[in-house]
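Asker: This is start-v2.csv, which holds CSV, C-alpha atoms:
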chain,number,residue,atom,x,y,z
G,1,MET,CA,35.6,-114.9,-33.1
G,2,GLY,CA,35.7,-111.1,-32.3
G,3,ARG,CA,35.5,-109.5,-29.0
G,4,THR,CA,31.8,-108.9,-29.4
G,5,GLY,CA,31.3,-112.6,-30.1
G,6,THR,CA,33.3,-113.7,-27.1
G,7,ARG,CA,31.4,-111.3,-24.9
G,8,TYR,CA,28.1,-112.6,-26.2
G,9,TRP,CA,29.0,-116.2,-25.4
G,10,ILE,CA,30.3,-115.2,-21.9
G,11,PHE,CA,27.0,-113.5,-21.1
G,12,PHE,CA,24.8,-116.2,-22.6
G,13,LEU,CA,26.5,-119.1,-21.1
G,14,GLY,CA,27.1,-117.3,-17.8
G,15,THR,CA,23.5,-116.3,-17.2
G,16,LEU,CA,22.2,-119.7,-18.5
G,17,SER,CA,24.4,-121.8,-16.3
G,18,LEU,CA,23.6,-119.6,-13.3
G,19,SER,CA,19.9,-120.1,-13.9
G,20,LEU,CA,20.2,-123.8,-14.4
G,21,LEU,CA,22.3,-124.1,-11.2
G,22,LEU,CA,19.6,-122.2,-9.3
G,23,ALA,CA,16.9,-124.4,-10.7
G,24,ALA,CA,18.8,-127.5,-9.6
G,25,VAL,CA,19.6,-126.4,-6.0
G,26,SER,CA,16.6,-124.3,-5.1
G,27,PRO,CA,13.9,-126.9,-4.4
G,28,GLY,CA,13.5,-127.2,-0.7
G,29,SER,CA,16.2,-124.7,0.1
G,30,LEU,CA,15.5,-122.6,3.2
G,31,LEU,CA,17.5,-119.7,1.6
G,32,VAL,CA,15.2,-119.7,-1.4
G,33,ASP,CA,12.1,-119.8,0.8
G,34,LYS,CA,13.5,-116.7,2.6
G,35,ALA,CA,14.2,-115.0,-0.7
G,36,MET,CA,10.6,-115.7,-1.9
G,37,ASP,CA,9.2,-114.3,1.4
G,38,LEU,CA,11.4,-111.3,1.0
G,39,THR,CA,10.3,-110.7,-2.6
G,40,GLY,CA,6.7,-111.0,-1.5
G,41,LEU,CA,7.3,-108.6,1.3
G,42,VAL,CA,9.1,-106.0,-1.0
G,43,MET,CA,6.3,-106.3,-3.6
G,44,ARG,CA,3.6,-105.6,-1.1
G,45,VAL,CA,4.2,-101.9,-1.6
G,46,PRO,CA,3.9,-101.6,-5.4
G,47,GLU,CA,1.2,-104.3,-5.4
G,48,TRP,CA,-0.9,-102.5,-2.9
G,49,PRO,CA,-3.1,-100.7,-5.5
G,50,ALA,CA,-3.6,-103.9,-7.4
G,51,ARG,CA,-4.7,-105.7,-4.2
G,52,ILE,CA,-7.1,-102.8,-3.4
G,53,LEU,CA,-8.5,-103.1,-6.9
G,54,ARG,CA,-8.9,-106.9,-6.7
G,55,ASN,CA,-10.6,-106.7,-3.4
G,56,ALA,CA,-12.9,-103.9,-4.6
G,57,VAL,CA,-13.8,-105.9,-7.7
G,58,ALA,CA,-14.5,-109.0,-5.6
G,59,ARG,CA,-16.7,-107.0,-3.2
G,60,THR,CA,-18.6,-105.5,-6.1
G,61,VAL,CA,-19.2,-108.9,-7.7
G,62,ASP,CA,-20.2,-110.3,-4.3
G,63,LEU,CA,-22.7,-107.5,-3.8
G,64,ALA,CA,-24.1,-107.8,-7.3
G,65,ALA,CA,-24.7,-111.5,-6.8
G,66,GLY,CA,-26.0,-111.1,-3.3
G,67,GLU,CA,-23.3,-113.4,-2.2
G,68,ARG,CA,-21.9,-111.2,0.5
G,69,ALA,CA,-24.8,-111.6,2.8
G,70,LEU,CA,-24.6,-115.4,2.3
G,71,ARG,CA,-20.9,-115.5,3.1
G,72,GLU,CA,-21.4,-113.4,6.3
G,73,ARG,CA,-24.1,-115.8,7.3
G,74,ILE,CA,-21.8,-118.8,6.6
G,75,ASP,CA,-19.0,-117.2,8.5
G,76,ARG,CA,-21.3,-116.6,11.5
G,77,LEU,CA,-22.6,-120.1,11.3
G,78,GLU,CA,-19.1,-121.6,11.1
G,79,LYS,CA,-18.0,-119.5,14.1
G,80,GLU,CA,-21.1,-120.7,16.0
G,81,ASN,CA,-20.5,-124.2,14.9
G,82,LEU,CA,-16.9,-124.1,16.2
G,83,SER,CA,-18.1,-122.7,19.5
G,84,LEU,CA,-20.6,-125.5,19.9
G,85,ARG,CA,-18.0,-128.1,19.1
G,86,GLY,CA,-15.8,-126.5,21.7
G,87,LEU,CA,-18.6,-126.6,24.2
G,88,LEU,CA,-19.3,-130.2,23.5
G,89,GLN,CA,-15.7,-131.1,24.4
G,90,THR,CA,-15.6,-130.0,28.1
G,91,THR,CA,-11.9,-130.6,28.3
G,92,ILE,CA,-11.2,-128.0,25.6
G,93,ASN,CA,-10.6,-124.5,26.6
G,94,PHE,CA,-10.7,-122.3,23.5
G,95,GLY,CA,-9.5,-119.2,25.3
G,96,SER,CA,-11.2,-116.1,23.7
G,97,GLY,CA,-13.3,-118.5,21.5
G,98,PRO,CA,-12.5,-119.7,18.1
G,99,GLY,CA,-12.7,-117.2,15.2
G,100,VAL,CA,-11.9,-117.4,11.5
G,101,GLN,CA,-9.3,-115.5,9.4
G,102,GLU,CA,-9.7,-115.7,5.7
G,103,GLY,CA,-6.5,-115.8,3.7
G,104,HIS,CA,-5.6,-115.9,0.0
G,105,VAL,CA,-3.1,-118.5,-1.2
G,106,THR,CA,-0.1,-116.5,-2.4
G,107,LEU,CA,2.4,-119.2,-3.2
G,108,ARG,CA,2.2,-122.9,-3.9
G,109,SER,CA,5.5,-124.3,-4.8
G,110,SER,CA,5.4,-126.9,-7.6
G,111,ALA,CA,8.2,-128.8,-5.8
G,112,ALA,CA,6.0,-129.1,-2.7
G,113,TRP,CA,2.6,-129.1,-4.5
G,114,TRP,CA,0.9,-131.6,-2.2
G,115,SER,CA,2.8,-130.4,1.0
G,116,GLU,CA,2.2,-126.8,1.7
G,117,VAL,CA,0.8,-123.4,0.6
G,118,ARG,CA,1.5,-119.9,1.7
G,119,ILE,CA,-1.3,-117.5,2.6
G,120,ASP,CA,-1.3,-113.7,3.0
G,121,ARG,CA,-2.2,-113.7,6.7
G,122,GLY,CA,0.5,-114.0,9.4
G,123,PHE,CA,1.5,-113.4,13.0
G,124,LYS,CA,0.1,-109.8,12.9
G,125,ASP,CA,-3.4,-111.3,12.1
G,126,GLY,CA,-3.3,-113.7,15.0
G,127,ILE,CA,-2.2,-116.8,13.1
G,128,ARG,CA,-0.2,-119.2,15.1
G,129,PRO,CA,1.5,-122.6,14.3
G,130,GLY,CA,-0.9,-125.5,14.8
G,131,MET,CA,-4.1,-123.7,13.9
G,132,GLY,CA,-6.3,-125.6,11.4
G,133,ALA,CA,-7.2,-124.3,8.0
G,134,THR,CA,-10.5,-125.0,6.1
G,135,GLN,CA,-11.9,-124.6,2.7
G,136,ASP,CA,-15.7,-124.4,2.6
G,137,GLY,CA,-15.9,-125.9,6.1
G,138,ALA,CA,-13.6,-128.9,5.3
G,139,LEU,CA,-10.2,-129.2,6.8
G,140,VAL,CA,-7.3,-128.7,4.3
G,141,GLY,CA,-4.3,-128.7,6.8
G,142,LYS,CA,-2.6,-127.1,9.7
G,143,VAL,CA,-0.5,-123.9,10.0
G,144,SER,CA,3.1,-125.1,10.1
G,145,ARG,CA,5.1,-121.8,10.4
G,146,VAL,CA,4.2,-118.2,10.6
G,147,GLU,CA,6.0,-115.0,9.4
G,148,SER,CA,4.8,-111.5,10.3
G,149,ASN,CA,2.6,-111.1,7.2
G,150,SER,CA,2.3,-114.6,5.9
G,151,ALA,CA,1.9,-118.2,7.1
G,152,TRP,CA,2.6,-121.7,5.6
G,153,ILE,CA,-0.1,-124.3,5.8
G,154,GLU,CA,0.9,-127.9,5.7
G,155,LEU,CA,-1.7,-129.8,3.6
G,156,LEU,CA,-3.4,-133.0,4.5
G,157,THR,CA,-1.7,-134.6,1.6
G,158,SER,CA,1.7,-133.9,3.1
G,159,PRO,CA,3.6,-137.1,4.0
G,160,SER,CA,4.9,-135.4,7.2
G,161,LEU,CA,1.5,-134.5,8.6
G,162,TYR,CA,-0.4,-136.9,10.9
G,163,ILE,CA,-3.9,-135.9,12.0
G,164,PRO,CA,-5.9,-138.0,14.5
G,165,VAL,CA,-9.4,-138.5,13.0
G,166,VAL,CA,-12.6,-140.2,14.0
G,167,VAL,CA,-15.0,-142.2,11.8
G,168,GLU,CA,-18.4,-140.6,12.4
G,169,GLU,CA,-20.5,-143.7,11.9
G,170,THR,CA,-18.5,-146.0,14.2
G,171,ARG,CA,-16.5,-143.5,16.3
G,172,ASP,CA,-13.3,-145.5,15.6
G,173,LEU,CA,-10.2,-143.5,15.8
G,174,GLY,CA,-7.3,-143.5,13.4
G,175,VAL,CA,-4.6,-141.3,12.0
G,176,LEU,CA,-4.7,-139.5,8.6
G,177,ASN,CA,-1.5,-139.3,6.6
G,178,GLY,CA,-0.8,-138.1,3.1
G,179,GLU,CA,1.5,-139.8,0.6
G,180,GLY,CA,2.9,-136.6,-1.0
G,181,ASP,CA,1.3,-137.4,-4.4
G,182,GLY,CA,-2.3,-136.3,-3.6
G,183,ASN,CA,-3.3,-139.6,-2.0
G,184,VAL,CA,-4.4,-139.7,1.6
G,185,TRP,CA,-4.7,-142.7,3.9
G,186,LEU,CA,-6.3,-143.6,7.2
G,187,LEU,CA,-3.9,-145.6,9.4
G,188,TYR,CA,-4.0,-147.6,12.6
G,189,VAL,CA,-7.6,-148.9,12.3
G,190,PRO,CA,-7.8,-152.5,13.7
G,191,ALA,CA,-8.5,-155.0,10.9
G,192,GLU,CA,-11.6,-156.4,12.5
G,193,LYS,CA,-13.4,-153.0,12.4
G,194,ASN,CA,-14.4,-153.4,8.7
G,195,LEU,CA,-15.0,-149.8,7.8
G,196,ARG,CA,-17.2,-149.3,4.7
G,197,ILE,CA,-16.7,-147.1,1.7
G,198,GLY,CA,-18.6,-143.8,2.1
G,199,MET,CA,-18.1,-143.5,5.8
G,200,ASN,CA,-17.4,-139.9,7.0
G,201,LEU,CA,-14.3,-138.7,8.8
G,202,SER,CA,-13.8,-135.7,10.9
G,203,THR,CA,-11.1,-134.4,13.3
G,204,ALA,CA,-10.7,-136.1,16.6
G,205,LEU,CA,-9.6,-134.3,19.7
G,206,VAL,CA,-6.1,-133.2,18.9
G,207,SER,CA,-5.2,-130.0,20.6
G,208,GLU,CA,-6.8,-126.9,21.8
G,209,GLN,CA,-6.1,-125.3,18.4
G,210,LEU,CA,-7.8,-127.8,16.2
G,211,PRO,CA,-11.4,-128.3,17.3
G,212,PRO,CA,-12.9,-131.8,16.9
G,213,GLY,CA,-15.7,-132.5,14.4
G,214,ILE,CA,-14.3,-130.6,11.4
G,215,PRO,CA,-15.3,-132.6,8.3
G,216,ILE,CA,-12.3,-134.1,6.5
G,217,GLY,CA,-13.6,-136.6,3.9
G,218,ILE,CA,-14.9,-140.1,3.3
G,219,VAL,CA,-13.5,-143.6,3.0
G,220,SER,CA,-13.1,-144.2,-0.7
G,221,GLY,CA,-11.1,-147.5,-0.8
G,222,ILE,CA,-10.0,-150.4,1.4
G,223,GLY,CA,-6.3,-151.1,1.5
G,224,SER,CA,-4.1,-153.9,2.7
G,225,GLU,CA,-3.8,-155.3,6.2
G,226,ILE,CA,-0.5,-154.7,7.9
G,227,GLY,CA,0.3,-156.2,11.4
G,228,GLY,CA,-3.4,-156.5,12.4
G,229,TYR,CA,-4.3,-153.0,11.2
G,230,ARG,CA,-5.9,-152.2,7.9
G,231,ILE,CA,-5.3,-149.0,5.9
G,232,TYR,CA,-8.1,-147.2,4.1
G,233,LYS,CA,-7.9,-144.8,1.2
G,234,LEU,CA,-9.6,-141.4,1.8
G,235,SER,CA,-11.3,-138.8,-0.5
G,236,LEU,CA,-11.0,-135.3,0.9
G,237,ASN,CA,-14.0,-133.0,1.1
G,238,ALA,CA,-11.7,-130.1,0.3
G,239,ASP,CA,-10.7,-129.5,-3.3
G,240,LEU,CA,-6.9,-129.1,-3.0
G,241,SER,CA,-6.6,-128.6,-6.8
G,242,ARG,CA,-8.6,-125.4,-6.5
G,243,LEU,CA,-7.2,-124.0,-3.3
G,244,TYR,CA,-7.3,-120.2,-3.7
G,245,LYS,CA,-8.7,-119.2,-0.3
G,246,VAL,CA,-8.6,-120.8,3.1
G,247,LYS,CA,-10.1,-119.9,6.5
G,248,VAL,CA,-7.8,-120.4,9.5
G,249,ILE,CA,-9.4,-121.3,12.7
G,250,SER,CA,-7.9,-118.9,15.2
G,251,GLY,CA,-8.5,-118.2,18.9
G,252,GLY,CA,-7.4,-121.5,20.4
G,253,LYS,CA,-4.6,-122.2,22.8
G,254,PRO,CA,-1.4,-124.0,21.6
F,1,MET,CA,15.6,-102.0,-21.7
F,2,ALA,CA,13.2,-100.2,-19.4
F,3,ILE,CA,10.4,-101.8,-21.4
F,4,VAL,CA,11.4,-105.2,-20.1
F,5,TRP,CA,11.1,-104.1,-16.4
F,6,PHE,CA,7.9,-102.2,-17.1
F,7,SER,CA,6.4,-105.3,-18.7
F,8,LEU,CA,7.4,-107.3,-15.7
F,9,LEU,CA,5.8,-104.9,-13.3
F,10,ALA,CA,2.6,-104.7,-15.4
F,11,ARG,CA,2.4,-108.5,-15.5
F,12,ASP,CA,3.0,-108.7,-11.7
F,13,LEU,CA,0.3,-106.2,-10.9
F,14,LEU,CA,-2.2,-107.8,-13.3
F,15,GLN,CA,-1.4,-111.2,-11.8
F,16,VAL,CA,-2.3,-109.8,-8.4
F,17,VAL,CA,-5.6,-108.4,-9.7
F,18,PHE,CA,-6.4,-111.7,-11.5
F,19,SER,CA,-5.0,-114.1,-8.9
F,20,GLY,CA,-7.3,-117.1,-8.4
F,21,THR,CA,-9.1,-116.2,-11.7
F,22,ALA,CA,-6.6,-116.4,-14.6
F,23,ILE,CA,-2.9,-116.4,-15.5
F,24,VAL,CA,-2.0,-113.2,-17.3
F,25,PRO,CA,0.0,-113.4,-20.5
F,26,ASP,CA,3.8,-113.2,-20.2
F,27,PHE,CA,4.4,-109.6,-21.4
F,28,THR,CA,8.1,-109.9,-20.4
F,29,VAL,CA,8.9,-112.7,-22.8
F,30,LEU,CA,7.1,-110.7,-25.6
F,31,ALA,CA,9.2,-107.6,-24.7
F,32,LEU,CA,12.4,-109.6,-24.7
F,33,VAL,CA,11.6,-111.2,-28.1
F,34,TRP,CA,10.7,-107.8,-29.5
F,35,ILE,CA,14.0,-106.3,-28.5
F,36,ALA,CA,16.0,-109.4,-29.4
F,37,VAL,CA,14.5,-109.4,-32.9
F,38,PHE,CA,15.4,-105.7,-33.5
F,39,ARG,CA,18.9,-106.1,-31.9
F,40,CYS,CA,19.6,-109.5,-33.4
F,41,GLU,CA,23.2,-108.5,-34.4
F,42,ASP,CA,24.2,-107.9,-30.7
F,43,ALA,CA,21.8,-109.3,-28.1
F,44,THR,CA,24.5,-109.4,-25.4
F,45,PRO,CA,23.0,-106.5,-23.2
F,46,LEU,CA,19.7,-108.5,-23.1
F,47,PHE,CA,21.0,-111.5,-21.1
F,48,ILE,CA,21.3,-109.8,-17.7
F,49,PRO,CA,17.7,-108.3,-17.8
F,50,ALA,CA,16.4,-111.6,-19.1
F,51,PHE,CA,18.0,-113.4,-16.2
F,52,ALA,CA,17.0,-110.8,-13.6
F,53,THR,CA,13.4,-110.5,-14.7
F,54,GLY,CA,13.0,-114.3,-15.0
F,55,LEU,CA,14.5,-114.8,-11.5
F,56,PHE,CA,12.3,-112.1,-10.0
F,57,TRP,CA,9.2,-113.8,-11.5
F,58,ASP,CA,10.2,-117.2,-10.2
F,59,LEU,CA,10.8,-115.8,-6.7
F,60,ARG,CA,7.4,-114.0,-6.7
F,61,TRP,CA,5.1,-116.5,-8.4
F,62,THR,CA,6.4,-119.9,-9.6
F,63,ALA,CA,8.7,-120.9,-6.6
F,64,LEU,CA,11.1,-122.5,-9.1
F,65,PRO,CA,13.9,-120.0,-9.2
F,66,GLY,CA,16.0,-120.4,-12.4
F,67,VAL,CA,13.4,-122.0,-14.6
F,68,THR,CA,11.8,-118.9,-16.1
F,69,SER,CA,15.1,-117.1,-16.3
F,70,SER,CA,16.6,-120.1,-18.2
F,71,ALA,CA,13.6,-119.9,-20.6
F,72,TYR,CA,14.0,-116.2,-21.1
F,73,ILE,CA,17.8,-116.5,-21.8
F,74,LEU,CA,17.3,-119.3,-24.3
F,75,LEU,CA,14.5,-117.4,-26.0
F,76,VAL,CA,16.7,-114.2,-26.3
F,77,ALA,CA,19.6,-116.2,-27.7
F,78,GLY,CA,17.2,-118.2,-30.0
F,79,SER,CA,15.4,-115.1,-31.3
F,80,ALA,CA,18.7,-113.2,-32.0
F,81,TRP,CA,20.2,-116.2,-33.6
F,82,ALA,CA,17.1,-116.9,-35.8
F,83,TRP,CA,16.7,-113.3,-36.9
F,84,SER,CA,20.4,-112.8,-37.6
F,85,HIS,CA,20.2,-115.8,-40.0
F,86,ILE,CA,17.2,-114.5,-41.9
F,87,PRO,CA,18.1,-112.4,-45.0
F,88,PRO,CA,17.7,-108.7,-44.1
F,89,GLY,CA,15.0,-108.3,-46.7
F,90,ARG,CA,12.7,-110.9,-45.0
F,91,ARG,CA,13.3,-109.8,-41.3
F,92,GLY,CA,10.2,-107.6,-41.5
F,93,ASN,CA,7.9,-110.5,-42.3
F,94,PRO,CA,5.0,-110.2,-39.8
F,95,ILE,CA,3.9,-113.8,-40.1
F,96,LEU,CA,7.3,-115.0,-39.1
F,97,PHE,CA,7.3,-112.6,-36.2
F,98,PHE,CA,3.8,-113.7,-35.1
F,99,VAL,CA,4.6,-117.4,-35.2
F,100,TRP,CA,7.9,-116.9,-33.4
F,101,ALA,CA,6.4,-114.7,-30.6
F,102,ILE,CA,3.5,-117.2,-30.0
F,103,ALA,CA,6.0,-120.1,-29.9
F,104,ALA,CA,8.3,-118.2,-27.5
F,105,HIS,CA,5.3,-117.4,-25.2
F,106,GLY,CA,4.2,-121.0,-25.2
F,107,PHE,CA,7.7,-122.2,-24.4
F,108,SER,CA,8.2,-119.9,-21.5
F,109,SER,CA,4.7,-120.6,-20.1
F,110,PHE,CA,4.7,-124.4,-20.4
F,111,LEU,CA,8.4,-125.0,-19.4
F,112,PRO,CA,7.7,-124.7,-15.6
F,113,ALA,CA,4.6,-126.8,-15.9
F,114,LEU,CA,6.5,-129.4,-17.9
F,115,LEU,CA,9.3,-129.6,-15.4
F,116,SER,CA,7.0,-129.8,-12.4
F,117,GLY,CA,4.3,-131.9,-14.0
F,118,HIS,CA,1.5,-129.7,-12.6
F,119,GLY,CA,-1.0,-127.5,-14.4
F,120,LEU,CA,-1.0,-129.4,-17.7
F,121,GLY,CA,-4.2,-130.5,-19.6
F,122,LEU,CA,-6.8,-129.1,-21.8
F,123,HIS,CA,-8.7,-127.3,-19.0
F,124,SER,CA,-5.5,-125.9,-17.5
F,125,PRO,CA,-5.3,-122.1,-16.9
F,126,LEU,CA,-2.2,-122.2,-19.1
F,127,VAL,CA,-4.4,-122.9,-22.1
F,128,SER,CA,-6.6,-119.8,-21.4
F,129,GLN,CA,-3.4,-117.8,-20.9
F,130,GLN,CA,-2.3,-118.8,-24.4
F,131,GLY,CA,-5.6,-117.5,-25.7
F,132,MET,CA,-5.1,-114.1,-24.0
F,133,ALA,CA,-1.5,-114.1,-25.3
F,134,LEU,CA,-2.7,-114.6,-28.8
F,135,ALA,CA,-4.5,-111.3,-28.6
F,136,CYS,CA,-1.4,-109.6,-27.2
F,137,VAL,CA,0.8,-111.1,-29.9
F,138,LEU,CA,-1.6,-109.9,-32.6
F,139,GLY,CA,-1.3,-106.4,-31.3
F,140,LEU,CA,2.4,-106.7,-31.1
F,141,THR,CA,2.5,-107.9,-34.7
F,142,ALA,CA,0.5,-104.9,-35.7
F,143,LEU,CA,3.2,-102.7,-34.0
F,144,PHE,CA,5.9,-104.8,-35.8
F,145,ILE,CA,4.3,-104.0,-39.2
F,146,ARG,CA,4.1,-100.4,-38.3
F,147,GLN,CA,7.7,-100.4,-37.1
F,148,GLY,CA,8.8,-102.1,-40.3
F,149,ARG,CA,7.1,-99.5,-42.4
F,150,THR,CA,8.5,-96.6,-40.4
F,151,ARG,CA,12.0,-98.1,-40.9
F,152,HIS,CA,11.3,-98.6,-44.6
F,153,ASP,CA,10.1,-95.1,-45.0
Here is a file; write its structure as structure tokens.

Answerer:
Amino acid sequence: MGRTGTRYWIFFLGTLSLSLLLAAVSPGSLLVDKAMDLTGLVMRVPEWPARILRNAVARTVDLAAGERALRERIDRLEKENLSLRGLLQTTINFGSGPGVQEGHVTLRSSAAWWSEVRIDRGFKDGIRPGMGATQDGALVGKVSRVESNSAWIELLTSPSLYIPVVVEETRDLGVLNGEGDGNVWLLYVPAEKNLRIGMNLSTALVSEQLPPGIPIGIVSGIGSEIGGYRIYKLSLNADLSRLYKVKVISGGKP
Amino acid sequence: MAIVWFSLLARDLLQVVFSGTAIVPDFTVLALVWIAVFRCEDATPLFIPAFATGLFWDLRWTALPGVTSSAYILLVAGSAWAWSHIPPGRRGNPILFFVWAIAAHGFSSFLPALLSGHGLGLHSPLVSQQGMALACVLGLTALFIRQGRTRHD
């Protein structure tokens, strides 16, 4: 084997082993998360014209379809709806009043597919940890951490997220929790309550950042009884497989 | 080698434009295959750009650092190896190039999905990406034929 051949194998095996090593150690690494954030931040400059083009095309399409007016109306109604929900809960003080910030999903790691997504709105846009995020009016998760220009949203399917919810028909309270594989369960409902399939769930009073009454999903299955409490399988109203845009409910107090 | 970086930038910008709509074809892997085929006797200088562009793409879009770069490195090595074992008279065969380029594109696109288990299925955006890639590879094959003729002349 000549010098060229040796050099070839050194470069081939060196770069390949480095890649495989990175692939093995990167899932869940904080350093890699920082590197991804940094890459996104650096690329904001060269990608700026592309984003302008994308937004311009989207606006043109919206205008052509007459959708823009409808969206504004939905936004206004959503805002009004949130204010009304806040008024109904006299113990809640929503500060300057709830608003919505629309964000595009910029990253959804395959390793944490059912746990979190990153959006292109951050601290500078008024996003704070704990704020709720919705898709077409249905809750998809809560803001878990915030960078200056981006924020991570922990999804309802995440196993580490627990959201207090209320069954609309019976006003029974429970806690929603994900399994990390796309399934979501309702926990801590007393066994004698006998919830039925199809019953609706919405957020219960949690904090001043997540207003009560945001639709979440329906009871889709009845699970086993554990220690006097029965678990129920839920179907989410939000379509997490097509999560491209979210609206973050801003304006509350932490 | 600038074409590899240019193809990466073009893909990144197009992906921003089409984000939420479609996955754009992997121009970088096509550029790497193109260069590896023409430099099959010594593909050593291609490994570093293949690693760097793959890693960059993973950090920006797939969130699986190392997967795309592994695919790129394997494809560069595979392309150079395959082409160096083809008799010189048959290296200009456009059908061979077309089939190889399509297979290489499919490999680099599906590898992250296969490893993560997400984004597979007939209605997956990856399938429509392969359709768009087909058009790109056809154009590249036309360039390959032209390049072959120029060299022959």

Asker: Counting only C-alpha atoms, which residues from chain F have an atom at most 7 Å from any atom of chain G, and could you show them as a PyMOL selection string?

Answerer: chain F and resi 13+16-17+20+44+47-48+51+59-67+69-70+73+116+118

Asker: When distances are computed from only C-alpha atoms, which of G:Leu195, G:Met131, G:Ile231, G:Leu205 shows the smallest separation from Lys247 (chain G)?

Answerer: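 Once distances to Lys247 (chain G) are computed over only C-alpha atoms, the minimum belongs to G:Met131.
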
Asker: Counting all atoms listed in the file, which residue out of G:Val45, G:Ala138, G:Ile127, G:Val143 sits closest to Ser235 (chain G)?

Answerer: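 Comparing G:Val45, G:Ala138, G:Ile127, G:Val143 against Ser235 (chain G), the winner is G:Ala138.
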
Asker: Do you know which residues are at most 10 Å from Met132 (chain F) counting all atoms listed in the file, after dropping those on the same chain fewer than 2 positions away, and could you put them as a list in words?

Answerer: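 That gives Ala22, Ile23, Val24, Pro25, Asp26, Leu126, Val127, Ser128, Gln129, Gln130, Leu134, Ala135, Cys136 and Val137 of chain F.
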
Asker: Measure the distance from CA of Pro190 (chain G) to CA of Ser220 (chain G) in Å and round it to one decimal.

Answerer: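 Rounded to one decimal, the two atoms are 17.4 Å apart.
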
Asker: Measuring atom to atom with all atoms listed in the file, identify which of G:Asn200, G:Ser115, G:Thr134, G:Ser224 is nearest to Leu161 (chain G).

Answerer: G:Ser115

Asker: CA of Leu30 (chain G) to CA of Asn149 (chain G): how many Å, to one decimal?

Answerer: 17.7 Å

Asker: When you count all atoms listed in the file, which of these residues is closest to Leu155 (chain G): G:Val61, G:Leu240, G:Leu84, G:Ala69?

Answerer: G:Leu240

Asker: Mind pulling up the distance from CA of Thr141 (chain F) to CA of Phe98 (chain F)?

Answerer: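 That distance, rounded to one decimal, is 6.0 Å.
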